[in-house]
file data.cif (mmCIF, C-alpha atoms and all ligand atoms)
data_my_file
#
loop_
_atom_site.label_atom_id
_atom_site.label_comp_id
_atom_site.auth_asym_id
_atom_site.auth_seq_id
_atom_site.Cartn_x
_atom_site.Cartn_y
_atom_site.Cartn_z
CA MET A 259 9.60 26.31 -13.77
CA THR A 260 7.12 23.67 -12.59
CA ARG A 261 6.84 23.42 -8.84
CA ARG A 262 7.69 19.89 -7.71
CA SER A 263 6.76 18.01 -4.54
CA THR A 264 9.04 15.84 -2.46
CA ILE A 265 8.61 13.47 0.47
CA THR A 266 10.10 15.20 3.53
CA GLY A 267 9.07 12.65 6.16
CA VAL A 268 8.05 9.00 6.40
CA GLY A 269 6.44 6.88 9.11
CA LYS A 270 5.06 3.41 9.68
CA TYR A 271 3.21 1.43 12.30
CA VAL A 272 2.25 -2.22 12.56
CA PRO A 273 0.25 -3.70 15.43
CA PRO A 274 2.27 -5.87 17.85
CA LYS A 275 0.27 -9.10 17.48
CA VAL A 276 1.96 -11.49 15.02
CA LEU A 277 0.23 -14.36 13.26
CA THR A 278 2.69 -16.86 11.79
CA ASN A 279 2.13 -19.40 9.05
CA TYR A 280 2.36 -22.04 11.77
CA ASP A 281 -0.52 -20.35 13.61
CA LEU A 282 -2.51 -20.51 10.37
CA GLU A 283 -1.87 -24.25 10.13
CA ASP A 284 -4.13 -24.58 13.19
CA MET A 285 -6.86 -22.47 11.58
CA VAL A 286 -7.16 -23.71 7.96
CA ASP A 287 -5.86 -26.56 5.80
CA THR A 288 -2.51 -25.01 4.86
CA SER A 289 1.20 -25.27 5.63
CA HIS A 290 4.10 -22.92 6.29
CA GLU A 291 5.91 -24.46 3.31
CA TRP A 292 3.00 -23.87 0.89
CA ILE A 293 2.58 -20.24 1.94
CA VAL A 294 6.32 -19.46 1.74
CA GLN A 295 6.77 -21.23 -1.60
CA ARG A 296 3.69 -19.67 -3.27
CA THR A 297 3.80 -16.19 -1.72
CA GLY A 298 7.03 -15.53 0.23
CA ILE A 299 5.00 -14.61 3.34
CA GLU A 300 6.13 -15.95 6.73
CA LYS A 301 4.03 -13.88 9.13
CA ARG A 302 1.70 -10.92 9.32
CA HIS A 303 0.73 -8.39 12.01
CA ILE A 304 -2.90 -8.30 13.14
CA ALA A 305 -4.76 -5.39 14.76
CA ALA A 306 -6.61 -6.01 18.02
CA ASP A 307 -10.41 -6.35 17.81
CA ASP A 308 -10.89 -2.83 19.16
CA THR A 309 -8.22 -1.20 16.97
CA PRO A 310 -9.59 0.53 13.86
CA CYS A 311 -7.75 1.76 10.77
CA SER A 312 -7.42 5.31 12.16
CA GLU A 313 -5.48 4.05 15.22
CA LEU A 314 -2.79 2.56 12.99
CA ALA A 315 -2.88 5.62 10.74
CA ILE A 316 -2.31 8.10 13.54
CA LYS A 317 0.87 6.38 14.75
CA ALA A 318 2.38 6.28 11.25
CA ALA A 319 1.25 9.88 10.67
CA ARG A 320 2.88 11.20 13.86
CA GLN A 321 6.19 9.56 12.93
CA ALA A 322 6.06 11.05 9.43
CA LEU A 323 5.30 14.53 10.82
CA ASP A 324 8.19 14.25 13.32
CA ASP A 325 10.49 13.07 10.54
CA ALA A 326 9.48 16.07 8.42
CA GLU A 327 9.75 18.39 11.45
CA LEU A 328 6.28 19.64 10.67
CA LYS A 329 3.47 20.41 13.11
CA ALA A 330 0.03 18.91 12.48
CA LYS A 331 -1.39 22.44 12.67
CA GLU A 332 0.63 23.33 9.57
CA LEU A 333 -1.01 20.65 7.42
CA ASP A 334 -3.19 21.84 4.52
CA LEU A 335 -4.55 18.45 3.49
CA ILE A 336 -4.77 14.88 4.80
CA LEU A 337 -5.33 12.02 2.36
CA VAL A 338 -5.99 8.51 3.60
CA ALA A 339 -5.82 5.62 1.15
CA THR A 340 -7.70 2.61 2.52
CA VAL A 341 -10.13 -0.19 1.70
CA THR A 342 -10.80 -0.71 5.42
CA PRO A 343 -11.90 2.71 6.73
CA ASP A 344 -13.19 2.97 10.32
CA MET A 345 -16.67 3.53 8.86
CA PHE A 346 -18.27 4.13 5.44
CA PHE A 347 -18.44 7.74 6.53
CA PRO A 348 -17.14 10.05 7.82
CA ALA A 349 -13.80 9.74 6.06
CA THR A 350 -10.98 8.25 8.13
CA ALA A 351 -8.96 11.33 7.06
CA CYS A 352 -11.38 13.49 9.10
CA LEU A 353 -10.96 11.26 12.16
CA LEU A 354 -7.20 11.62 11.72
CA GLN A 355 -7.52 15.40 11.32
CA GLU A 356 -9.26 15.63 14.68
CA LYS A 357 -6.91 13.22 16.48
CA LEU A 358 -3.84 15.03 15.14
CA GLY A 359 -5.24 18.50 15.90
CA ALA A 360 -4.63 19.47 12.27
CA ASP A 361 -6.94 22.49 12.61
CA LYS A 362 -6.61 23.93 9.12
CA ALA A 363 -6.37 20.70 7.10
CA ALA A 364 -8.96 19.49 4.62
CA GLY A 365 -9.27 15.71 4.51
CA PHE A 366 -10.66 12.94 2.40
CA ASP A 367 -10.22 9.22 1.78
CA LEU A 368 -9.21 7.67 -1.49
CA GLU A 369 -10.06 4.10 -2.44
CA ALA A 370 -8.01 2.43 -5.16
CA GLY A 371 -7.33 -0.95 -3.55
CA CYS A 372 -3.68 -1.71 -2.97
CA SER A 373 -2.77 1.02 -5.48
CA GLY A 374 -4.26 3.60 -3.09
CA PHE A 375 -1.13 5.05 -1.51
CA VAL A 376 0.57 5.83 -4.83
CA TYR A 377 -2.77 7.17 -6.18
CA ALA A 378 -2.94 9.48 -3.14
CA LEU A 379 0.69 10.50 -3.60
CA SER A 380 -0.10 11.55 -7.15
CA VAL A 381 -3.12 13.60 -5.99
CA ALA A 382 -0.97 15.31 -3.35
CA ASP A 383 1.71 15.98 -5.98
CA GLN A 384 -0.89 17.69 -8.19
CA TYR A 385 -2.02 20.02 -5.37
CA ILE A 386 1.56 20.99 -4.61
CA SER A 387 2.57 21.40 -8.26
CA ALA A 388 -0.47 23.62 -8.82
CA GLY A 389 0.55 25.78 -5.86
CA THR A 390 -2.73 25.08 -4.03
CA TYR A 391 -1.20 23.51 -0.92
CA ASP A 392 2.24 23.32 0.73
CA ASN A 393 1.97 20.66 3.43
CA ILE A 394 0.17 17.37 2.74
CA LEU A 395 -0.02 14.19 4.78
CA VAL A 396 -0.58 11.00 2.76
CA VAL A 397 -1.39 7.82 4.68
CA GLY A 398 -2.03 4.23 3.59
CA SER A 399 -3.68 2.39 6.47
CA GLU A 400 -5.38 -1.01 6.54
CA THR A 401 -6.96 -3.52 8.88
CA LEU A 402 -7.51 -6.25 6.31
CA SER A 403 -7.79 -8.85 9.07
CA LYS A 404 -11.28 -7.46 9.68
CA ILE A 405 -12.57 -8.18 6.15
CA VAL A 406 -10.80 -11.49 5.56
CA ASP A 407 -12.70 -14.78 5.81
CA TRP A 408 -10.55 -16.68 8.28
CA GLU A 409 -12.02 -19.95 6.98
CA ASP A 410 -10.91 -19.29 3.37
CA ARG A 411 -7.34 -20.54 3.00
CA SER A 412 -6.99 -19.05 -0.48
CA THR A 413 -7.15 -15.50 0.93
CA CYS A 414 -6.61 -15.48 4.71
CA VAL A 415 -2.94 -16.45 4.45
CA LEU A 416 -2.12 -13.43 2.27
CA PHE A 417 -3.07 -10.31 4.19
CA GLY A 418 -1.86 -8.31 7.20
CA ASP A 419 -2.54 -5.01 8.98
CA GLY A 420 -0.44 -1.86 9.15
CA ALA A 421 -0.03 1.77 8.17
CA GLY A 422 2.55 3.87 6.36
CA ALA A 423 2.66 7.65 5.95
CA ALA A 424 4.51 10.36 4.06
CA VAL A 425 4.61 14.15 4.28
CA LEU A 426 4.76 15.93 0.93
CA GLN A 427 6.07 19.48 0.59
CA PRO A 428 7.36 21.68 -2.23
CA SER A 429 10.84 20.70 -3.32
CA GLN A 430 13.85 22.75 -4.34
CA ARG A 431 15.58 19.78 -5.93
CA GLY A 432 14.45 16.31 -6.97
CA GLY A 433 11.15 14.98 -5.68
CA ILE A 434 8.36 13.39 -7.71
CA LEU A 435 9.30 13.44 -11.39
CA ALA A 436 6.25 11.68 -12.88
CA THR A 437 3.23 9.58 -11.94
CA GLU A 438 1.13 7.06 -13.83
CA LEU A 439 -2.34 5.84 -12.82
CA GLY A 440 -4.73 3.42 -14.45
CA SER A 441 -7.86 1.35 -13.96
CA ASP A 442 -9.70 -1.51 -15.63
CA GLY A 443 -13.14 -2.10 -14.11
CA SER A 444 -13.69 -5.17 -16.27
CA GLY A 445 -11.62 -6.94 -13.61
CA ALA A 446 -13.77 -5.65 -10.73
CA GLU A 447 -14.90 -9.11 -9.66
CA SER A 448 -11.37 -10.51 -9.56
CA LEU A 449 -11.01 -8.84 -6.17
CA TYR A 450 -13.96 -7.35 -4.33
CA LEU A 451 -16.06 -7.14 -1.21
CA PRO A 452 -19.64 -7.56 -2.41
CA GLY A 453 -21.69 -6.95 0.75
CA GLY A 454 -22.60 -3.92 2.83
CA GLY A 455 -22.75 -1.35 0.01
CA SER A 456 -25.75 -0.14 -2.00
CA LEU A 457 -25.60 -3.20 -4.27
CA ASN A 458 -26.01 -5.69 -1.43
CA PRO A 459 -26.98 -3.75 1.72
CA SER A 460 -26.15 -5.61 4.92
CA SER A 461 -28.82 -8.15 5.85
CA GLU A 462 -29.04 -11.55 7.45
CA LYS A 463 -28.71 -12.96 3.93
CA THR A 464 -25.49 -11.09 3.13
CA LEU A 465 -24.04 -12.23 6.45
CA ALA A 466 -25.11 -15.84 5.91
CA ASN A 467 -23.58 -15.80 2.43
CA LYS A 468 -20.38 -14.21 3.78
CA LEU A 469 -20.69 -11.25 1.40
CA HIS A 470 -19.02 -9.02 4.00
CA TYR A 471 -15.69 -10.74 3.31
CA LEU A 472 -13.10 -10.06 0.62
CA LYS A 473 -13.37 -12.36 -2.44
CA MET A 474 -10.52 -12.95 -4.84
CA GLU A 475 -9.71 -14.92 -7.98
CA GLY A 476 -6.01 -15.27 -7.13
CA ASN A 477 -4.89 -16.54 -10.52
CA GLN A 478 -6.56 -13.68 -12.42
CA VAL A 479 -5.03 -11.08 -10.10
CA PHE A 480 -1.64 -12.79 -10.38
CA ARG A 481 -1.61 -12.66 -14.20
CA PHE A 482 -2.74 -9.02 -14.20
CA ALA A 483 -0.14 -8.07 -11.56
CA VAL A 484 2.82 -9.61 -13.37
CA LYS A 485 1.94 -7.72 -16.57
CA ILE A 486 1.00 -4.37 -15.07
CA MET A 487 3.91 -3.96 -12.62
CA GLY A 488 6.36 -3.97 -15.51
CA GLU A 489 4.19 -1.90 -17.88
CA ALA A 490 3.34 0.81 -15.34
CA SER A 491 7.00 1.10 -14.32
CA LEU A 492 8.14 1.50 -17.92
CA GLU A 493 5.40 4.04 -18.62
CA VAL A 494 6.22 6.24 -15.64
CA LEU A 495 9.94 6.10 -16.42
CA LYS A 496 9.22 7.12 -20.02
CA LYS A 497 7.32 10.17 -18.77
CA ALA A 498 10.42 11.18 -16.78
CA ASN A 499 12.78 10.43 -19.69
CA LEU A 500 14.41 7.64 -17.69
CA THR A 501 14.99 3.93 -18.26
CA PRO A 502 15.14 0.98 -15.80
CA GLU A 503 18.95 1.28 -15.78
CA ASP A 504 18.59 4.70 -14.14
CA VAL A 505 16.65 3.27 -11.20
CA ASP A 506 18.36 2.63 -7.86
CA PHE A 507 15.37 1.03 -6.12
CA PHE A 508 11.92 -0.24 -6.96
CA VAL A 509 9.48 -0.11 -4.07
CA PRO A 510 6.73 -2.45 -5.26
CA HIS A 511 3.40 -3.32 -3.68
CA GLN A 512 4.13 -6.31 -1.45
CA ALA A 513 1.63 -8.99 -2.53
CA ASN A 514 3.71 -11.99 -3.60
CA THR A 515 7.47 -12.45 -4.06
CA ARG A 516 6.78 -14.33 -7.31
CA ILE A 517 5.02 -11.23 -8.68
CA ILE A 518 7.93 -9.00 -7.58
CA LYS A 519 10.50 -11.37 -9.11
CA ALA A 520 8.56 -11.54 -12.39
CA ALA A 521 8.42 -7.73 -12.52
CA ALA A 522 12.18 -7.53 -11.86
CA LYS A 523 12.76 -9.97 -14.73
CA ARG A 524 10.58 -7.97 -17.12
CA LEU A 525 12.52 -4.82 -16.27
CA ASP A 526 15.83 -6.70 -16.43
CA LEU A 527 16.64 -5.67 -12.85
CA ALA A 528 18.70 -7.37 -10.19
CA GLU A 529 16.58 -8.54 -7.27
CA ASP A 530 18.81 -6.39 -5.01
CA ASN A 531 17.14 -3.36 -6.58
CA MET A 532 13.72 -4.43 -5.28
CA ILE A 533 12.67 -3.51 -1.75
CA VAL A 534 10.96 -6.58 -0.27
CA ASN A 535 9.56 -6.94 3.26
CA LEU A 536 6.73 -9.33 2.44
CA PRO A 537 8.01 -12.17 4.69
CA GLU A 538 7.40 -10.02 7.79
CA TYR A 539 4.10 -8.29 6.96
CA GLY A 540 2.22 -10.10 4.18
CA ASN A 541 0.07 -7.94 1.92
CA THR A 542 -0.99 -4.80 3.80
CA SER A 543 -2.77 -3.34 0.74
CA SER A 544 -2.40 0.45 0.53
CA ALA A 545 0.01 0.43 3.50
CA SER A 546 2.55 -1.85 1.83
CA VAL A 547 4.44 0.68 -0.32
CA PRO A 548 4.87 3.34 2.41
CA ILE A 549 5.87 0.71 5.01
CA ALA A 550 8.51 -0.67 2.62
CA LEU A 551 9.69 2.88 1.82
CA GLU A 552 10.00 3.84 5.49
CA GLU A 553 12.01 0.72 6.27
CA ALA A 554 14.39 1.14 3.33
CA VAL A 555 15.01 4.75 4.36
CA ALA A 556 15.46 3.85 8.06
CA GLU A 557 17.91 1.08 7.12
CA GLY A 558 19.95 3.56 5.08
CA ARG A 559 19.43 1.62 1.84
CA ILE A 560 17.82 4.59 0.12
CA GLN A 561 20.20 7.55 -0.05
CA GLU A 562 19.89 11.18 -1.14
CA GLY A 563 19.80 11.45 -4.92
CA ASP A 564 18.59 7.87 -5.51
CA ILE A 565 16.02 7.33 -8.26
CA LEU A 566 13.04 5.36 -6.93
CA VAL A 567 10.02 3.83 -8.62
CA LEU A 568 7.02 3.16 -6.38
CA VAL A 569 4.62 0.81 -8.16
CA ALA A 570 1.40 -0.90 -7.10
CA PHE A 571 -1.64 -2.81 -8.38
CA GLY A 572 -4.88 -3.75 -6.73
CA ALA A 573 -8.65 -4.00 -6.59
CA GLY A 574 -10.51 -2.09 -9.26
CA LEU A 575 -8.54 -3.33 -10.98
CA THR A 576 -6.13 -0.43 -10.60
CA TRP A 577 -2.44 0.35 -10.98
CA SER A 578 -0.23 3.26 -9.99
CA ALA A 579 3.42 4.23 -10.28
CA ALA A 580 5.55 7.20 -9.29
CA VAL A 581 9.18 7.94 -10.12
CA MET A 582 11.11 10.22 -7.81
CA GLU A 583 14.55 11.54 -7.10
CA TRP A 584 14.94 11.05 -3.36
CA HIS A 585 15.79 14.31 -1.60
CA LYS A 586 14.10 14.12 1.77
CA GLY A 587 15.69 17.34 2.83
CA GLY A 588 14.94 18.89 -0.54
CA LYS A 589 12.31 21.27 0.74
N1 LIG B 601 -2.65 -23.57 1.52
C1 LIG B 601 -2.57 -24.72 0.85
N2 LIG B 601 -3.11 -24.86 -0.37
C2 LIG B 601 -3.77 -23.83 -0.91
C3 LIG B 601 -3.89 -22.59 -0.23
C4 LIG B 601 -3.30 -22.49 1.03
N3 LIG B 601 -3.34 -21.37 1.77
N4 LIG B 601 -4.57 -21.73 -1.02
C5 LIG B 601 -4.87 -22.38 -2.14
N5 LIG B 601 -4.38 -23.65 -2.08
C6 LIG B 601 -4.48 -24.71 -3.08
C7 LIG B 601 -5.59 -24.51 -4.05
O1 LIG B 601 -6.82 -24.99 -3.52
C8 LIG B 601 -5.12 -25.29 -5.23
O2 LIG B 601 -5.40 -26.65 -5.02
P1 LIG B 601 -5.92 -27.58 -6.23
O3 LIG B 601 -4.79 -27.56 -7.22
O4 LIG B 601 -6.14 -28.89 -5.56
O5 LIG B 601 -7.16 -26.90 -6.72
C9 LIG B 601 -3.60 -25.13 -5.20
O6 LIG B 601 -3.30 -24.70 -3.85
C10 LIG B 601 -3.06 -24.10 -6.18
O7 LIG B 601 -3.86 -22.94 -6.07
P2 LIG B 601 -3.62 -21.68 -6.97
O8 LIG B 601 -4.66 -20.64 -6.66
O9 LIG B 601 -3.45 -22.10 -8.40
O10 LIG B 601 -2.20 -21.22 -6.42
P3 LIG B 601 -1.29 -20.09 -6.94
O11 LIG B 601 0.05 -20.63 -7.21
O12 LIG B 601 -1.95 -19.28 -8.03
O13 LIG B 601 -1.17 -19.13 -5.69
C11 LIG B 601 -2.03 -17.10 -4.81
C12 LIG B 601 -2.33 -18.54 -5.15
C13 LIG B 601 -0.90 -17.06 -3.81
C14 LIG B 601 -3.27 -16.46 -4.21
C15 LIG B 601 -1.60 -16.34 -6.10
O14 LIG B 601 -2.52 -16.59 -7.11
C16 LIG B 601 -1.48 -14.87 -5.90
O15 LIG B 601 -0.63 -14.40 -5.16
N6 LIG B 601 -2.32 -14.06 -6.58
C17 LIG B 601 -2.28 -12.64 -6.48
C18 LIG B 601 -3.04 -12.22 -5.28
C19 LIG B 601 -2.85 -10.77 -4.95
O16 LIG B 601 -1.81 -10.22 -5.20
N7 LIG B 601 -3.87 -10.19 -4.33
C20 LIG B 601 -3.79 -8.89 -3.79
C21 LIG B 601 -4.13 -7.86 -4.78
S1 LIG B 601 -3.99 -6.30 -4.13
C22 LIG B 601 -5.40 -5.67 -3.36
O17 LIG B 601 -6.03 -4.75 -3.83
C23 LIG B 601 -5.85 -6.26 -2.02
#

call {"tool": "encode", "arguments": {"input": "data.cif", "output": "structure tokens", "more": "lines below"}}
Ligand code: ACO
result
Amino acid sequence: MTRRSTITGVGKYVPPKVLTNYDLEDMVDTSHEWIVQRTGIEKRHIAADDTPCSELAIKAARQALDDAELKAKELDLILVATVTPDMFFPATACLLQEKLGADKAAGFDLEAGCSGFVYALSVADQYISAGTYDNILVVGSETLSKIVDWEDRSTCVLFGDGAGAAVLQPSQRGGILATELGSDGSGAESLYLPGGGSLNPSSEKTLANKLHYLKMEGNQVFRFAVKIMGEASLEVLKKANLTPEDVDFFVPHQANTRIIKAAAKRLDLAEDNMIVNLPEYGNTSSASVPIALEEAVAEGRIQEGDILVLVAFGAGLTWSAAVMEWHKGGK
């Protein structure tokens, strides 16, 4: 019988500072009404200037380890999904390994835009299914506020900071039933950060041209997102021999309530089946799915035995989906 993995612990952390839509009205030419109507976002949490990605990650990670009743020293692998690592290198996962005291864990970062957490979950699932590792920490952590152009109203209203984490262990019942990943690099320039890499190394010119900030063609990403959220969900369900009617909850990437509603419509799902916390946090990229998952579990909405679909899209362009039978204590 194939060895399955299951999530045995979840955690989340968002920085205390809150930036409301009303605050943004004083910064750029926008309004609370526009942002709510077009995106569903009401506020977002913003990391302090001296708080890097790893600081958010460690708090979410510790909660997930406590929830799983697992010691950091027992971890075999740490995966961090992020587009805002502390540094280009070393990997934020290695900084986390040291801060946690996870002496025997390997660690690496994974970059798949907002799809990153579910990508990392699927990698962790493979290691556990293959019997290579038993205890894996998967974290999605972002400080998008540090790469957003706060003078660009078309992007700065969308994003927030935060971290979510999950511990994966072998499962006796339920757990991850199937995963689905994809990419389409022809859409790379729909959402990208052009400066600072080997294509445009940092220089006075890249700074002057604001190439160190995130750029996005919102309409292109929107069209892609509406299509792919439904398609990826159907594909992953097919792999698990399930249909949308079998699903108790969808935990979608939190980018825009209109995208989530369109996906629900395509799947013929009631909106009650969608976990949505976008009004509070905005788009926290790879942290959005694990933060939403942690909250739905903490609120008691997700119960043992529920069928969940986690689904995300993001820069790359990329997409990722996982279907699981929720048995947190299924180890
Ligand atoms: N406040 C007021 N007006 C604004 C703002 C703002 N913050 N931003 C744009 N506008 C204006 C535009 O300038 C435009 O004005 P114009 O008609 O005079 O030219 C008008 O509003 C409409 O702009 P659109 O871009 O057509 O608005 P749209 O309804 O498409 O909403 C949005 C824009 C919210 C960005 C939407 O396209 C979207 O959500 N796209 C998906 C983005 C996304 O999910 N990105 C994350 C991907 S995941 C990752 O990897 C990070």

call {"tool": "atom_distance", "arguments": {"input": "data.cif", "atom1": "CA of Ala466 (chain A)", "atom2": "CA of Gly420 (chain A)"}}
result
28.5 Å

call {"tool": "residues_around", "arguments": {"input": "data.cif", "residues": "Gly563 (chain A)", "least_positions_apart": "6", "cutoff": "9 Å", "atoms": "all atoms listed in the file", "output": "list in words"}}
result
Gly432, Glu583, Trp584 and His585 of chain A

call {"tool": "closest_residue", "arguments": {"input": "data.cif", "among": "A:Ala554, A:Cys352, A:Leu282, A:Val569", "to": "ligand LIG 601 (chain B)", "atoms": "all atoms listed in the file"}}
result
A:Leu282

call {"tool": "closest_residue", "arguments": {"input": "data.cif", "among": "A:Lys463, A:Arg261, A:Arg516, A:Lys523", "to": "Ala388 (chain A)", "atoms": "all atoms listed in the file"}}
result
A:Arg261

call {"tool": "residues_near_ligand", "arguments": {"input": "data.cif", "ligand": "ligand LIG 601 (chain B)", "cutoff": "9 Å", "atoms": "all atoms listed in the file", "output": "number ranges by chain"}}
result
A: 282-283, 286-293, 295-297, 341, 370-374, 402, 410-417, 449-450, 472, 474-483, 511-517, 541-544, 570-576

call {"tool": "atom_distance", "arguments": {"input": "data.cif", "atom1": "CA of Val534 (chain A)", "atom2": "CA of Ile405 (chain A)"}}
result
24.4 Å

call {"tool": "closest_residue", "arguments": {"input": "data.cif", "among": "A:Glu489, A:Glu462, A:Asp308, A:Glu438", "to": "Val381 (chain A)", "atoms": "only C-alpha atoms"}}
result
A:Glu438

call {"tool": "residues_around", "arguments": {"input": "data.cif", "residues": "Ala315 (chain A)", "least_positions_apart": "4", "cutoff": "12 Å", "atoms": "all atoms listed in the file", "output": "mmCIF file with C-alpha atoms, in the coordinates of the input"}}
result
data_model
loop_
_atom_site.group_PDB
_atom_site.id
_atom_site.type_symbol
_atom_site.label_atom_id
_atom_site.label_comp_id
_atom_site.auth_asym_id
_atom_site.auth_seq_id
_atom_site.Cartn_x
_atom_site.Cartn_y
_atom_site.Cartn_z
ATOM 1 C CA GLY A 269 6.440 6.880 9.110
ATOM 2 C CA LYS A 270 5.060 3.410 9.680
ATOM 3 C CA TYR A 271 3.210 1.430 12.300
ATOM 4 C CA VAL A 272 2.250 -2.220 12.560
ATOM 5 C CA PRO A 273 0.250 -3.700 15.430
ATOM 6 C CA ALA A 305 -4.760 -5.390 14.760
ATOM 7 C CA THR A 309 -8.220 -1.200 16.970
ATOM 8 C CA PRO A 310 -9.590 0.530 13.860
ATOM 9 C CA CYS A 311 -7.750 1.760 10.770
ATOM 10 C CA ALA A 319 1.250 9.880 10.670
ATOM 11 C CA ARG A 320 2.880 11.200 13.860
ATOM 12 C CA GLN A 321 6.190 9.560 12.930
ATOM 13 C CA ALA A 322 6.060 11.050 9.430
ATOM 14 C CA ILE A 336 -4.770 14.880 4.800
ATOM 15 C CA LEU A 337 -5.330 12.020 2.360
ATOM 16 C CA VAL A 338 -5.990 8.510 3.600
ATOM 17 C CA ALA A 339 -5.820 5.620 1.150
ATOM 18 C CA THR A 340 -7.700 2.610 2.520
ATOM 19 C CA THR A 342 -10.800 -0.710 5.420
ATOM 20 C CA PRO A 343 -11.900 2.710 6.730
ATOM 21 C CA ASP A 344 -13.190 2.970 10.320
ATOM 22 C CA THR A 350 -10.980 8.250 8.130
ATOM 23 C CA ALA A 351 -8.960 11.330 7.060
ATOM 24 C CA CYS A 352 -11.380 13.490 9.100
ATOM 25 C CA LEU A 353 -10.960 11.260 12.160
ATOM 26 C CA LEU A 354 -7.200 11.620 11.720
ATOM 27 C CA GLN A 355 -7.520 15.400 11.320
ATOM 28 C CA LYS A 357 -6.910 13.220 16.480
ATOM 29 C CA LEU A 358 -3.840 15.030 15.140
ATOM 30 C CA LEU A 395 -0.020 14.190 4.780
ATOM 31 C CA VAL A 396 -0.580 11.000 2.760
ATOM 32 C CA VAL A 397 -1.390 7.820 4.680
ATOM 33 C CA GLY A 398 -2.030 4.230 3.590
ATOM 34 C CA SER A 399 -3.680 2.390 6.470
ATOM 35 C CA GLU A 400 -5.380 -1.010 6.540
ATOM 36 C CA THR A 401 -6.960 -3.520 8.880
ATOM 37 C CA ASP A 419 -2.540 -5.010 8.980
ATOM 38 C CA GLY A 420 -0.440 -1.860 9.150
ATOM 39 C CA ALA A 421 -0.030 1.770 8.170
ATOM 40 C CA GLY A 422 2.550 3.870 6.360
ATOM 41 C CA ALA A 423 2.660 7.650 5.950
ATOM 42 C CA ALA A 424 4.510 10.360 4.060
ATOM 43 C CA SER A 544 -2.400 0.450 0.530
ATOM 44 C CA ALA A 545 0.010 0.430 3.500
ATOM 45 C CA PRO A 548 4.870 3.340 2.410
ATOM 46 C CA ILE A 549 5.870 0.710 5.010
#

call {"tool": "axis_aligned_box", "arguments": {"input": "data.cif", "around": "region 529-536 of chain A", "padding_each_side": "8 Å", "output": "lines of an AutoDock Vina configuration file"}}
result
center_x = 12.8
center_y = -6.3
center_z = -2.0
size_x = 28.1
size_y = 22.0
size_z = 26.5

call {"tool": "closest_residue", "arguments": {"input": "data.cif", "among": "A:Leu439, A:Lys497, A:Leu492, A:Ala326", "to": "Phe375 (chain A)", "atoms": "all atoms listed in the file"}}
result
A:Leu439

call {"tool": "atom_distance", "arguments": {"input": "data.cif", "atom1": "CA of Leu328 (chain A)", "atom2": "CA of Lys586 (chain A)"}}
result
13.1 Å

call {"tool": "residues_around", "arguments": {"input": "data.cif", "residues": "Asn458 (chain A)", "least_positions_apart": "5", "cutoff": "12 Å", "atoms": "all atoms listed in the file", "output": "PDB file with C-alpha atoms, in the coordinates of the input"}}
result
ATOM      1  CA  LEU A 451     -16.060  -7.140  -1.210  1.00  0.00           C
ATOM      2  CA  PRO A 452     -19.640  -7.560  -2.410  1.00  0.00           C
ATOM      3  CA  GLY A 453     -21.690  -6.950   0.750  1.00  0.00           C
ATOM      4  CA  LYS A 463     -28.710 -12.960   3.930  1.00  0.00           C
ATOM      5  CA  THR A 464     -25.490 -11.090   3.130  1.00  0.00           C
ATOM      6  CA  LEU A 465     -24.040 -12.230   6.450  1.00  0.00           C
ATOM      7  CA  ASN A 467     -23.580 -15.800   2.430  1.00  0.00           C
ATOM      8  CA  LYS A 468     -20.380 -14.210   3.780  1.00  0.00           C
ATOM      9  CA  LEU A 469     -20.690 -11.250   1.400  1.00  0.00           C
ATOM     10  CA  HIS A 470     -19.020  -9.020   4.000  1.00  0.00           C
TER      11      HIS A 470
END

call {"tool": "residues_around", "arguments": {"input": "data.cif", "residues": "Leu566 (chain A)", "least_positions_apart": "6", "cutoff": "8 Å", "atoms": "all atoms listed in the file", "output": "MDAnalysis selection string"}}
result
chainID A and resid 505:509 581:584

call {"tool": "closest_residue", "arguments": {"input": "data.cif", "among": "A:Ser578, A:Asn531, A:Ile299, A:Tyr377", "to": "Ile560 (chain A)", "atoms": "only C-alpha atoms"}}
result
A:Asn531

call {"tool": "residues_around", "arguments": {"input": "data.cif", "residues": "Ser380 (chain A)", "least_positions_apart": "3", "cutoff": "8 Å", "atoms": "only C-alpha atoms", "output": "list in words"}}
result
Val376, Tyr377, Asp383, Gln384, Thr437 and Ala580 of chain A

call {"tool": "closest_residue", "arguments": {"input": "data.cif", "among": "A:Ala349, A:Ala436, A:Asp307, A:Ser387", "to": "Ala498 (chain A)", "atoms": "only C-alpha atoms"}}
result
A:Ala436
